[in-house]
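The data block below is model.cif; it holds mmCIF, C-alpha atoms and all ligand atoms.
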```cif
data_query
loop_
_atom_site.label_atom_id
_atom_site.label_comp_id
_atom_site.auth_asym_id
_atom_site.auth_seq_id
_atom_site.Cartn_x
_atom_site.Cartn_y
_atom_site.Cartn_z
CA MET P 1 99.75 123.06 96.30
CA ASP P 2 101.32 121.18 99.21
CA SER P 3 99.92 120.52 102.67
CA ALA P 4 100.46 124.22 103.54
CA LEU P 5 98.60 125.21 100.32
CA THR P 6 101.74 126.88 98.90
CA VAL P 7 101.45 128.42 95.45
CA HIS P 8 104.50 128.50 93.14
CA ASP P 9 103.95 131.13 90.47
CA PRO P 10 105.23 130.20 87.97
CA GLY P 11 105.92 126.65 89.03
CA TYR P 12 106.56 123.10 87.88
CA VAL P 13 105.66 119.58 88.94
CA ALA P 14 108.00 116.71 88.07
CA VAL P 15 106.61 113.17 87.91
CA ARG P 16 108.23 109.77 87.57
CA ASP P 17 106.87 106.23 87.89
CA GLY P 18 103.47 107.45 89.03
CA LEU P 19 104.81 109.67 91.80
CA VAL P 20 105.49 113.36 92.19
CA ILE P 21 109.26 113.66 92.57
CA ALA P 22 109.62 117.43 92.78
CA VAL P 23 107.54 120.59 92.96
CA GLY P 24 108.85 124.11 92.91
CA ALA P 25 109.08 127.54 91.37
CA VAL P 26 110.30 127.75 87.79
CA GLY P 27 113.84 129.06 87.85
CA GLY P 28 114.65 127.18 91.05
CA THR P 29 116.53 123.92 91.17
CA ILE P 30 114.85 120.57 91.52
CA GLY P 31 116.45 120.14 94.87
CA HIS P 32 113.40 119.07 96.83
CA CYS P 33 114.04 115.41 96.13
CA PRO P 34 117.69 114.34 96.22
CA ASP P 35 116.80 110.93 94.80
CA SER P 36 114.95 112.29 91.77
CA GLY P 37 117.88 111.52 89.48
CA PHE P 38 117.05 114.64 87.50
CA GLY P 39 119.96 116.54 89.06
CA GLU P 40 120.22 120.24 88.52
CA GLN P 41 119.10 120.07 84.89
CA PRO P 42 115.89 118.11 84.43
CA HIS P 43 115.49 116.10 81.24
CA PRO P 44 111.96 114.75 81.40
CA ALA P 45 110.76 112.43 78.65
CA THR P 46 107.54 114.42 78.33
CA THR P 47 106.94 118.07 79.08
CA ILE P 48 103.46 119.57 79.26
CA ASP P 49 103.35 123.33 78.88
CA CYS P 50 100.81 124.70 81.36
CA THR P 51 101.30 128.38 80.59
CA GLY P 52 98.13 130.24 81.55
CA CYS P 53 96.93 127.34 83.67
CA ILE P 54 96.74 126.39 87.34
CA VAL P 55 98.18 122.97 88.19
CA LEU P 56 96.67 121.49 91.33
CA PRO P 57 96.08 118.11 92.95
CA GLY P 58 93.28 116.15 91.30
CA LEU P 59 89.92 116.56 93.00
CA ILE P 60 88.66 113.84 95.35
CA ASN P 61 84.96 112.94 95.51
CA CYS P 62 84.54 111.67 99.08
CA HIS P 63 81.14 110.01 98.68
CA THR P 64 79.35 108.90 95.54
CA HIS P 65 77.40 106.11 93.88
CA LEU P 66 78.86 106.16 90.37
CA PRO P 67 76.41 103.88 88.48
CA MET P 68 73.54 106.11 89.59
CA VAL P 69 74.38 108.35 86.62
CA ALA P 70 72.05 105.89 84.85
CA PHE P 71 69.18 107.15 87.06
CA ARG P 72 69.92 110.85 86.45
CA GLY P 73 66.57 112.55 85.89
CA LEU P 74 64.56 109.42 86.71
CA ALA P 75 62.86 110.87 89.81
CA ASP P 76 63.36 114.39 91.08
CA ASP P 77 61.93 116.91 93.52
CA LEU P 78 61.14 114.31 96.18
CA PRO P 79 62.27 113.83 99.80
CA LEU P 80 64.93 111.18 100.46
CA MET P 81 62.86 108.26 101.74
CA GLU P 82 60.10 108.59 99.13
CA TRP P 83 62.73 109.03 96.40
CA LEU P 84 64.64 105.96 97.62
CA THR P 85 61.81 103.54 98.39
CA LYS P 86 59.36 104.41 95.61
CA HIS P 87 61.73 105.15 92.73
CA ILE P 88 65.42 104.35 93.17
CA TRP P 89 65.30 101.00 94.98
CA PRO P 90 62.59 99.62 92.61
CA ALA P 91 64.60 100.77 89.55
CA GLU P 92 67.73 99.17 91.00
CA ALA P 93 65.89 95.92 91.71
CA ARG P 94 64.68 95.87 88.09
CA MET P 95 67.85 96.87 86.31
CA LEU P 96 71.05 96.25 88.26
CA SER P 97 73.53 93.67 87.07
CA PRO P 98 77.33 93.60 86.86
CA GLN P 99 77.10 94.68 83.19
CA PHE P 100 74.78 97.57 84.07
CA CYS P 101 77.08 98.81 86.86
CA ARG P 102 80.17 98.45 84.71
CA GLY P 103 78.64 100.35 81.80
CA ALA P 104 77.19 103.12 83.95
CA THR P 105 80.52 103.51 85.79
CA LEU P 106 82.35 104.10 82.49
CA LEU P 107 79.95 106.96 81.78
CA ALA P 108 80.42 108.31 85.32
CA ALA P 109 84.19 108.01 85.02
CA ALA P 110 84.15 110.08 81.83
CA GLU P 111 82.20 112.79 83.66
CA CYS P 112 84.63 112.66 86.61
CA VAL P 113 87.78 112.92 84.49
CA ARG P 114 86.34 115.77 82.41
CA GLY P 115 85.75 117.61 85.70
CA GLY P 116 89.25 117.10 87.11
CA VAL P 117 88.31 114.35 89.57
CA THR P 118 91.10 111.83 90.08
CA CYS P 119 89.74 109.81 93.02
CA VAL P 120 86.24 108.66 93.97
CA ASN P 121 84.98 107.00 97.13
CA ASP P 122 82.16 104.81 95.84
CA MET P 123 79.42 102.88 97.64
CA TYR P 124 77.10 100.74 95.52
CA LEU P 125 76.23 97.18 94.47
CA PHE P 126 78.17 94.85 92.14
CA GLU P 127 81.20 96.85 93.19
CA ALA P 128 83.62 94.36 91.55
CA ALA P 129 82.25 95.46 88.17
CA ILE P 130 82.69 99.09 89.24
CA GLY P 131 86.32 98.36 90.15
CA ASP P 132 86.84 96.83 86.68
CA ALA P 133 85.46 99.95 85.01
CA LEU P 134 87.60 102.27 87.15
CA GLU P 135 90.71 100.25 86.28
CA GLN P 136 89.83 100.53 82.59
CA ALA P 137 89.36 104.28 83.00
CA GLY P 138 92.60 104.62 84.98
CA LEU P 139 90.66 106.49 87.66
CA ARG P 140 91.60 106.03 91.33
CA GLY P 141 88.81 104.61 93.45
CA ILE P 142 87.90 103.40 96.89
CA ILE P 143 85.11 100.90 96.30
CA GLY P 144 82.71 99.34 98.78
CA GLU P 145 79.89 96.85 98.32
CA GLY P 146 76.86 98.39 100.04
CA VAL P 147 75.81 96.02 102.81
CA ILE P 148 72.25 96.37 104.08
CA LYS P 149 69.78 94.26 106.08
CA TYR P 150 67.51 93.71 103.05
CA PRO P 151 68.15 91.44 100.05
CA THR P 152 69.80 93.36 97.19
CA PRO P 153 70.31 92.56 93.49
CA SER P 154 73.91 91.55 94.35
CA ALA P 155 73.43 89.75 97.67
CA PRO P 156 70.48 87.76 99.08
CA ASP P 157 71.45 88.73 102.64
CA TRP P 158 74.08 90.79 104.47
CA ARG P 159 76.39 87.80 104.95
CA ALA P 160 76.58 87.40 101.17
CA GLY P 161 77.42 91.13 101.04
CA ARG P 162 80.20 90.52 103.53
CA VAL P 163 81.59 87.75 101.30
CA LEU P 164 81.60 90.14 98.32
CA THR P 165 83.41 92.69 100.53
CA THR P 166 86.00 90.13 101.62
CA ASP P 167 86.58 89.21 97.97
CA LEU P 168 87.18 92.86 97.10
CA LEU P 169 89.56 93.30 100.04
CA ALA P 170 91.56 90.25 98.90
CA GLN P 171 91.54 91.28 95.24
CA TYR P 172 92.72 94.85 95.77
CA THR P 173 95.23 94.53 98.62
CA GLY P 174 98.33 96.44 97.51
CA HIS P 175 96.73 97.64 94.25
CA SER P 176 98.13 100.97 93.03
CA LEU P 177 94.80 102.39 91.81
CA ILE P 178 91.92 100.69 93.62
CA GLU P 179 91.35 100.31 97.36
CA ALA P 180 88.48 98.22 98.75
CA SER P 181 86.42 99.63 101.61
CA VAL P 182 83.95 98.05 104.01
CA THR P 183 80.59 99.68 103.48
CA CYS P 184 77.36 99.66 105.46
CA HIS P 185 74.47 101.55 103.89
CA ALA P 186 73.15 103.42 106.96
CA PRO P 187 72.27 102.99 110.65
CA TYR P 188 68.56 102.70 109.75
CA SER P 189 69.16 99.97 107.16
CA CYS P 190 71.65 97.87 109.14
CA THR P 191 71.32 96.03 112.47
CA PRO P 192 73.89 96.40 115.26
CA GLU P 193 75.10 92.89 114.39
CA ILE P 194 75.78 93.92 110.78
CA LEU P 195 77.45 97.19 111.78
CA GLN P 196 79.75 95.54 114.30
CA ALA P 197 80.65 92.58 112.07
CA MET P 198 81.45 94.81 109.12
CA HIS P 199 83.42 97.27 111.23
CA ALA P 200 85.47 94.38 112.62
CA LEU P 201 86.23 93.36 109.03
CA ALA P 202 87.34 96.92 108.25
CA CYS P 203 89.67 96.88 111.27
CA GLU P 204 91.09 93.50 110.25
CA TYR P 205 92.11 94.93 106.84
CA SER P 206 92.80 98.53 108.00
CA ALA P 207 90.15 99.42 105.44
CA LEU P 208 87.91 102.46 105.24
CA PHE P 209 84.52 101.94 106.94
CA HIS P 210 82.03 103.92 104.83
CA ILE P 211 78.45 104.69 105.94
CA HIS P 212 75.63 107.22 105.46
CA LEU P 213 74.95 108.99 108.77
CA HIS P 214 72.15 111.28 110.05
CA GLU P 215 71.26 112.52 106.59
CA THR P 216 67.68 113.52 107.46
CA HIS P 217 66.00 114.98 110.51
CA SER P 218 63.74 111.93 110.79
CA GLU P 219 66.57 109.38 110.74
CA PRO P 220 66.56 108.61 114.51
CA ALA P 221 62.90 107.54 114.29
CA GLN P 222 63.82 105.05 111.54
CA ILE P 223 66.47 103.28 113.65
CA ASP P 224 64.82 100.61 115.79
CA TRP P 225 67.95 99.83 117.84
CA LEU P 226 68.66 103.31 119.24
CA ARG P 227 68.16 103.91 122.95
CA ASP P 228 65.88 106.65 124.24
CA ALA P 229 67.01 110.08 123.03
CA GLU P 230 70.13 108.56 121.49
CA THR P 231 71.32 110.12 118.22
CA PRO P 232 72.50 107.94 115.30
CA THR P 233 76.09 109.16 115.85
CA ALA P 234 75.95 108.34 119.57
CA GLY P 235 74.46 104.95 118.67
CA LEU P 236 77.35 104.15 116.34
CA ALA P 237 79.82 105.31 119.01
CA ARG P 238 78.15 102.97 121.54
CA LEU P 239 78.48 100.07 119.09
CA GLY P 240 82.19 100.88 118.72
CA VAL P 241 82.08 101.43 114.96
CA LEU P 242 83.46 104.98 114.88
CA GLY P 243 87.19 105.25 114.31
CA PRO P 244 89.98 106.97 112.41
CA ARG P 245 89.06 105.23 109.17
CA THR P 246 85.30 105.73 109.45
CA LEU P 247 83.90 107.96 106.69
CA ALA P 248 80.43 109.20 107.53
CA ALA P 249 78.49 110.73 104.66
CA HIS P 250 76.11 113.70 105.04
CA CYS P 251 75.94 114.21 108.86
CA VAL P 252 73.43 117.00 108.21
CA TRP P 253 71.70 116.73 111.59
CA CYS P 254 74.71 116.07 113.81
CA ASN P 255 74.41 118.19 116.96
CA PRO P 256 77.40 119.64 118.87
CA ASP P 257 77.74 116.44 120.96
CA ASP P 258 77.73 114.32 117.79
CA ILE P 259 80.37 116.56 116.22
CA ALA P 260 82.52 116.18 119.34
CA LEU P 261 82.15 112.39 119.05
CA LEU P 262 83.20 112.45 115.38
CA ALA P 263 86.23 114.57 116.29
CA GLU P 264 87.13 112.42 119.30
CA HIS P 265 87.05 109.25 117.18
CA ARG P 266 88.91 111.05 114.35
CA CYS P 267 86.23 110.13 111.81
CA GLY P 268 86.10 111.62 108.34
CA VAL P 269 82.94 113.31 107.10
CA ALA P 270 81.74 113.66 103.51
CA HIS P 271 79.86 116.91 102.88
CA ASP P 272 77.31 116.66 100.03
CA PRO P 273 75.74 120.12 99.89
CA GLN P 274 73.85 119.85 96.58
CA SER P 275 72.32 116.46 97.26
CA ASN P 276 71.32 117.58 100.77
CA LEU P 277 69.62 120.66 99.37
CA LYS P 278 67.88 118.88 96.47
CA LEU P 279 66.42 116.17 98.70
CA ALA P 280 65.55 118.87 101.27
CA SER P 281 67.60 117.00 103.86
CA GLY P 282 69.14 120.23 105.14
CA VAL P 283 72.57 121.89 105.42
CA MET P 284 75.45 120.25 107.26
CA PRO P 285 77.06 122.45 109.96
CA LEU P 286 80.38 122.66 108.12
CA THR P 287 81.92 125.46 110.17
CA ALA P 288 81.17 123.67 113.44
CA MET P 289 82.73 120.47 112.03
CA LEU P 290 85.88 122.31 110.95
CA ASP P 291 86.10 124.21 114.24
CA ALA P 292 85.95 120.87 116.08
CA GLY P 293 88.82 119.54 113.96
CA VAL P 294 86.76 116.99 112.02
CA ALA P 295 88.34 116.02 108.67
CA VAL P 296 85.75 117.01 106.08
CA GLY P 297 85.89 116.27 102.37
CA ILE P 298 83.55 117.42 99.66
CA ALA P 299 81.34 115.02 97.70
CA THR P 300 78.57 114.88 95.13
CA ASP P 301 76.60 111.85 96.33
CA GLY P 302 75.04 109.96 93.39
CA ALA P 303 74.11 111.79 90.20
CA ALA P 304 70.44 110.87 90.67
CA SER P 305 70.19 113.29 93.61
CA ASN P 306 72.56 116.04 92.47
CA ASN P 307 72.26 115.75 89.33
CA ASN P 308 75.91 115.62 88.28
CA LEU P 309 79.36 114.65 89.55
CA ASN P 310 80.75 118.20 89.39
CA LEU P 311 82.92 118.89 92.45
CA TRP P 312 83.54 122.53 91.46
CA GLU P 313 79.88 123.30 92.11
CA GLU P 314 80.08 121.48 95.45
CA LEU P 315 83.13 123.26 96.79
CA GLN P 316 81.71 126.63 95.78
CA LEU P 317 78.35 125.83 97.36
CA ALA P 318 80.04 124.57 100.54
CA ALA P 319 81.83 127.90 100.92
CA LEU P 320 78.69 129.95 100.20
CA LEU P 321 76.44 127.97 102.55
CA ALA P 322 78.98 128.27 105.35
CA LYS P 323 78.95 132.04 104.96
CA GLY P 324 75.27 132.71 104.46
CA ALA P 325 73.17 129.79 105.73
CA ALA P 326 72.80 131.37 109.14
CA HIS P 327 70.19 128.94 110.42
CA CYS P 328 72.66 126.05 110.33
CA ALA P 329 75.51 127.98 111.92
CA GLY P 330 73.50 128.73 115.05
CA THR P 331 72.97 132.08 116.71
CA ASP P 332 75.03 134.52 118.70
CA GLY P 333 72.88 136.18 121.36
CA GLY P 334 69.82 135.79 119.16
CA LEU P 335 71.51 137.15 116.04
CA PRO P 336 72.07 134.72 113.16
CA LEU P 337 75.70 133.84 112.54
CA LEU P 338 76.44 135.31 109.12
CA ASP P 339 80.14 135.22 108.39
CA ALA P 340 81.72 136.11 105.05
CA ARG P 341 85.07 134.84 106.38
CA ALA P 342 83.76 131.31 106.95
CA VAL P 343 85.36 128.71 104.65
CA PRO P 344 87.61 131.02 102.62
CA ALA P 345 88.56 130.16 99.04
CA CYS P 346 91.72 128.21 99.90
CA GLN P 347 89.78 126.15 102.47
CA ALA P 348 87.09 125.39 99.89
CA VAL P 349 89.71 124.07 97.45
CA ALA P 350 91.32 122.08 100.26
CA LEU P 351 87.97 120.42 101.01
CA ALA P 352 88.14 118.84 97.57
CA THR P 353 91.84 117.92 97.74
CA ARG P 354 94.02 117.94 100.89
CA ASP P 355 91.21 117.64 103.43
CA ALA P 356 89.30 115.09 101.35
CA ALA P 357 92.35 112.82 101.45
CA ARG P 358 92.52 113.29 105.22
CA ALA P 359 88.82 112.45 105.59
CA LEU P 360 89.45 109.20 103.69
CA GLY P 361 92.52 108.42 105.80
CA ARG P 362 94.81 108.63 102.78
CA ARG P 363 98.24 110.24 103.13
CA ASP P 364 99.38 109.50 99.56
CA ILE P 365 97.00 111.77 97.64
CA GLY P 366 95.38 115.21 97.94
CA THR P 367 98.44 117.46 97.66
CA LEU P 368 101.40 117.79 95.30
CA ALA P 369 104.59 116.98 97.15
CA PRO P 370 107.54 114.67 96.54
CA GLY P 371 106.65 111.04 97.19
CA LEU P 372 102.91 111.48 96.77
CA ARG P 373 100.95 109.91 93.94
CA ALA P 374 100.92 111.99 90.76
CA ASP P 375 97.18 112.73 90.60
CA ILE P 376 97.03 116.09 88.90
CA CYS P 377 94.44 118.43 87.44
CA VAL P 378 95.31 121.29 85.09
CA VAL P 379 92.81 124.16 84.92
CA ASP P 380 93.06 126.48 81.93
CA THR P 381 92.53 130.02 83.22
CA ARG P 382 92.61 131.81 79.88
CA ALA P 383 88.81 131.97 79.49
CA PRO P 384 87.17 135.37 80.12
CA HIS P 385 85.45 134.24 83.32
CA LEU P 386 88.88 133.41 84.83
CA GLN P 387 90.56 136.71 83.95
CA PRO P 388 92.44 138.69 85.18
CA ARG P 389 94.94 137.16 87.58
CA HIS P 390 96.10 139.31 90.49
CA PRO P 391 99.47 138.79 92.17
CA GLY P 392 99.60 136.51 95.20
CA ALA P 393 98.30 133.08 96.08
CA GLY P 394 94.85 134.32 97.10
CA SER P 395 93.90 135.13 93.53
CA ALA P 396 94.61 131.58 92.35
CA TYR P 397 92.46 130.06 95.09
CA ALA P 398 89.67 132.60 94.49
CA LEU P 399 89.62 131.71 90.78
CA LEU P 400 89.41 128.00 91.61
CA ALA P 401 86.79 128.34 94.34
CA TYR P 402 84.46 130.95 92.88
CA SER P 403 85.02 131.19 89.12
CA ALA P 404 86.25 127.87 87.72
CA GLN P 405 83.90 125.41 86.08
CA SER P 406 84.49 121.75 85.37
CA SER P 407 84.74 122.56 81.65
CA ASP P 408 87.87 124.62 82.43
CA VAL P 409 89.80 121.46 83.32
CA ARG P 410 92.25 120.89 80.44
CA ASP P 411 94.43 117.93 81.46
CA VAL P 412 94.08 115.19 84.08
CA CYS P 413 96.61 112.63 85.18
CA VAL P 414 96.26 109.80 87.70
CA GLU P 415 99.25 107.82 89.00
CA GLY P 416 101.34 109.76 86.48
CA LYS P 417 99.23 108.58 83.54
CA LEU P 418 97.35 111.10 81.41
CA LEU P 419 93.61 110.39 81.30
CA MET P 420 92.72 113.63 79.49
CA ARG P 421 94.86 116.04 77.50
CA GLY P 422 93.51 119.18 75.88
CA ARG P 423 90.01 117.99 76.96
CA GLN P 424 90.41 114.80 74.90
CA LEU P 425 89.76 111.68 76.96
CA LEU P 426 92.57 109.18 76.43
CA THR P 427 91.24 106.08 78.20
CA LEU P 428 87.48 106.39 77.75
CA ASP P 429 85.00 106.85 74.91
CA ALA P 430 82.32 109.05 76.46
CA ASP P 431 79.97 108.81 73.45
CA GLU P 432 80.15 105.04 73.42
CA ALA P 433 79.62 104.91 77.20
CA ALA P 434 76.57 107.18 76.94
CA ALA P 435 75.10 105.14 74.08
CA ARG P 436 75.55 101.92 76.05
CA VAL P 437 73.77 103.34 79.09
CA GLN P 438 70.98 104.61 76.85
CA ARG P 439 70.57 101.12 75.37
CA MET P 440 70.47 99.57 78.86
CA ILE P 441 67.79 102.06 79.94
CA ARG P 442 65.74 101.41 76.82
CA SER P 443 65.91 97.64 77.17
CA GLY P 444 65.05 98.00 80.86
CA HIS P 445 67.90 95.77 81.90
CA GLN P 446 71.38 95.06 80.69
CA ASP P 447 73.45 95.58 77.57
ZN ZN T 501 74.95 108.58 99.37
#
```

Here is a file; write its structure as structure tokens.
Amino acid sequence: MDSALTVHDPGYVAVRDGLVIAVGAVGGTIGHCPDSGFGEQPHPATTIDCTGCIVLPGLINCHTHLPMVAFRGLADDLPLMEWLTKHIWPAEARMLSPQFCRGATLLAAAECVRGGVTCVNDMYLFEAAIGDALEQAGLRGIIGEGVIKYPTPSAPDWRAGRVLTTDLLAQYTGHSLIEASVTCHAPYSCTPEILQAMHALACEYSALFHIHLHETHSEPAQIDWLRDAETPTAGLARLGVLGPRTLAAHCVWCNPDDIALLAEHRCGVAHDPQSNLKLASGVMPLTAMLDAGVAVGIATDGAASNNNLNLWEELQLAALLAKGAAHCAGTDGGLPLLDARAVPACQAVALATRDAARALGRRDIGTLAPGLRADICVVDTRAPHLQPRHPGAGSAYALLAYSAQSSDVRDVCVEGKLLMRGRQLLTLDADEAAARVQRMIRSGHQD
């Protein structure tokens, strides 16, 4: 799967020093990369037989809060603001610490790897501890300390949050696995001063600027700095904080003018369909975003509002909502826009791979092509629910988009290093991670 979504059947992927060096059809020569050193006859040190499998780029989760796996099932069936202010923020104030975030991230990382996820874009608190855990797991991550106008367990004020962000940027410059982002929680929880100062920091480091945006219908009323009739997206544009490395999460209530602004500023958007449905926030207008040329990637949001980190469910739901959720696609002469052709299977898979990388402003991941990072997911298609296989590329994408489950992922490799083989985790102990989180929950604080 390259940028044109080519399928080689049967095919191979050759990897060296953490990079893909060649991709092609079995029986062809490894001629795609003259510098591979493999010549006409490859002699790899390790060969993994993927007969009966589909080999694709690892999945990319464009927006999540990994340690929130610890709050899975804590409070459910509530709207966003009540869920946040009455349950999640109080639990975080009571329990969060670097140890808590590190331990919960190891559990989250195990869930990600078992589901074929090789890169996560995370926004949370004590993000240095989250970076440590991701390094231990070998999982690629973009990590951002959530800066907000209120005191948090990790920072007494937003300036302290900015210091933590600057530390992360310094620590991870040039790192092969971890990238630091600059992260503001949301337009309603940050002042214009905070938004502009943090965005300036992002520009200084060419870092991703990550923010929640227009998640709920009522969001404009919660932002005290918006002008009359101004939308949150237009407000951010006026402040000058939209740009090619801005990743806006949710964008459920963006109107056509907002979508045009996101496209004009070449922003990325994270689409979180399950979380948006569960919190009754709504359905993002995915087709309109794609038609406008906005780079959209798929995401889970945190596991407390989802309630898992399973990107297969998300990409399937994204495709189905785009086809059948007529109310969010608008109308055509009074008739609802129902369109079975909207977001076809290959597009759905791209939302979790190629397009997700684009949304994050990353050119080195998301497809399998020479010179890109060797982040790979192997899906075993021998189970009954993935049979049979019809000729042609369409069948492979249809299996991945509509039939595959996270438990079908057999092997995962990040930066050329195997993190799971034959469903055995090689860098993480999921049972130990789960037990540690359970102990932290029981003790009401840290391990
Ligand atoms: Zn979120």

(request) Report as JSON, numbers by chain which protein, DNA and RNA residues come within 8 Å of ligand ZN 501 (chain T), using all atoms listed in the file. (result) {"P": [63, 64, 65, 123, 212, 249, 250, 301, 302]}

(request) Could you check how far CA of Asp272 in chain P sits from CA of Gly235 in chain P, in Å to one decimal? (result) 22.2 Å

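The shell of residues at most 9 Å from Leu96 in chain P, with all atoms listed in the file counted and near chain neighbours (fewer than 3 positions) removed, consists of Ala91, Glu92, Ala93, Gln99, Phe100, Cys101, Leu125, Phe126, Pro153, Ser154, His445 and Gln446 of chain P.
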
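Using only C-alpha atoms, the set of residues no farther than 9 Å from the position (82.9, 126.5, 95.8) comprises Leu311, Trp312, Glu313, Glu314, Leu315, Gln316, Leu317, Ala318, Ala319, Leu320, Ala345, Ala348, Val349, Leu400, Ala401, Tyr402, Ser403 and Ala404 of chain P.
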
(message) Between P:Thr51, P:Ser281, P:Thr233, P:Ser97, which residue has the minimum interatomic distance to Cys267 in chain P, considering only C-alpha atoms?
(response) P:Thr233

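Between CA of Ala299 in chain P and CA of Thr118 in chain P the separation is 12.8 Å.
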
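Distances here use all atoms listed in the file; by that measure, the residue among P:Pro370, P:Pro57, P:Pro187, P:Gly103 closest to Ile441 in chain P is P:Gly103.
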
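Using all atoms listed in the file, the residues found no farther than 9 Å from Asp257 in chain P, other than those of its own chain fewer than 4 positions away, are Ala234, Leu261 and Leu262 of chain P.
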
Hey, what's within 9 Å of Glu127 in chain P if we count all atoms listed in the file and toss same-chain stuff fewer than 3 positions away? As a tab-separated table (two decimals) with C-alpha atoms, in the frame of the given file, please?
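Listed below is the output, part.tsv:
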```tsv
chain	number	residue	atom	x	y	z
P	98	PRO	CA	77.33	93.60	86.86
P	101	CYS	CA	77.08	98.81	86.86
P	102	ARG	CA	80.17	98.45	84.71
P	122	ASP	CA	82.16	104.81	95.84
P	123	MET	CA	79.42	102.88	97.64
P	124	TYR	CA	77.10	100.74	95.52
P	130	ILE	CA	82.69	99.09	89.24
P	131	GLY	CA	86.32	98.36	90.15
P	132	ASP	CA	86.84	96.83	86.68
P	143	ILE	CA	85.11	100.90	96.30
P	144	GLY	CA	82.71	99.34	98.78
P	145	GLU	CA	79.89	96.85	98.32
P	146	GLY	CA	76.86	98.39	100.04
P	164	LEU	CA	81.60	90.14	98.32
P	165	THR	CA	83.41	92.69	100.53
P	168	LEU	CA	87.18	92.86	97.10
```

(request) Would you work out the distance separating CA of Ala303 in chain P from CA of Asp157 in chain P, expressed in Å to one decimal? (result) 26.3 Å

(request) Enumerate, as a ChimeraX atom specification, the protein, DNA and RNA residues whose atoms approach (95.8, 112.9, 80.8) to within 12 Å, taking into account all atoms listed in the file and the coordinate frame of the file. (result) /P:48,58,113-114,116-118,137-139,374-378,409-428

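The residue set within 12 Å of range 388-391 of chain P, counting all atoms listed in the file and dropping same-chain residues fewer than 2 places from it, reads Val7, His8, Asp9, Pro10, Gly52, Cys53, Ile54, Thr381, Arg382, Ala383, Pro384, His385, Leu386, Ala393, Gly394, Ser395, Ala396, Tyr397, Ala398, Leu399, Leu400 and Ser403 of chain P.
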
Distance query range 71-88 of chain P at most 10 Å, only C-alpha atoms, self and fewer than 3 positions along chain excluded, as a short mmCIF file (atom, residue, chain, number, x, y, z; two decimals) with C-alpha atoms, in the frame of the given file:
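The result, stored in around.cif:
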```cif
data_model
loop_
_atom_site.label_atom_id
_atom_site.label_comp_id
_atom_site.auth_asym_id
_atom_site.auth_seq_id
_atom_site.Cartn_x
_atom_site.Cartn_y
_atom_site.Cartn_z
CA PRO P 67 76.41 103.88 88.48
CA MET P 68 73.54 106.11 89.59
CA ALA P 91 64.60 100.77 89.55
CA GLU P 92 67.73 99.17 91.00
CA ALA P 93 65.89 95.92 91.71
CA ARG P 94 64.68 95.87 88.09
CA ALA P 104 77.19 103.12 83.95
CA GLU P 215 71.26 112.52 106.59
CA THR P 216 67.68 113.52 107.46
CA SER P 218 63.74 111.93 110.79
CA GLU P 219 66.57 109.38 110.74
CA SER P 275 72.32 116.46 97.26
CA ASN P 276 71.32 117.58 100.77
CA LYS P 278 67.88 118.88 96.47
CA LEU P 279 66.42 116.17 98.70
CA ALA P 280 65.55 118.87 101.27
CA SER P 281 67.60 117.00 103.86
CA GLY P 302 75.04 109.96 93.39
CA ALA P 303 74.11 111.79 90.20
CA ALA P 304 70.44 110.87 90.67
CA SER P 305 70.19 113.29 93.61
CA ASN P 306 72.56 116.04 92.47
CA ASN P 307 72.26 115.75 89.33
CA ASN P 308 75.91 115.62 88.28
CA VAL P 437 73.77 103.34 79.09
CA ILE P 441 67.79 102.06 79.94
#
```

(message) Using all atoms listed in the file, can you tell me which of P:Ala237, P:Ala322, P:Ala430, P:Leu56 comes closest to Thr287 in chain P?
(response) P:Ala322

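With all atoms listed in the file as the basis for measurement, P:Ala357 is the residue among P:Ala357, P:Gly297, P:Ala4, P:Ile259 that approaches Arg373 in chain P most closely.
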
(message) Which residue is closest to Ala359 in chain P? Choose from P:Gly293, P:Gly371, P:Gly324, P:Pro344 and count only C-alpha atoms.
(response) P:Gly293

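In terms of minimum interatomic distance to Ser181 in chain P, P:Leu360 ranks closest within P:Ile21, P:Ala352, P:Ala14, P:Leu360, counting only C-alpha atoms.
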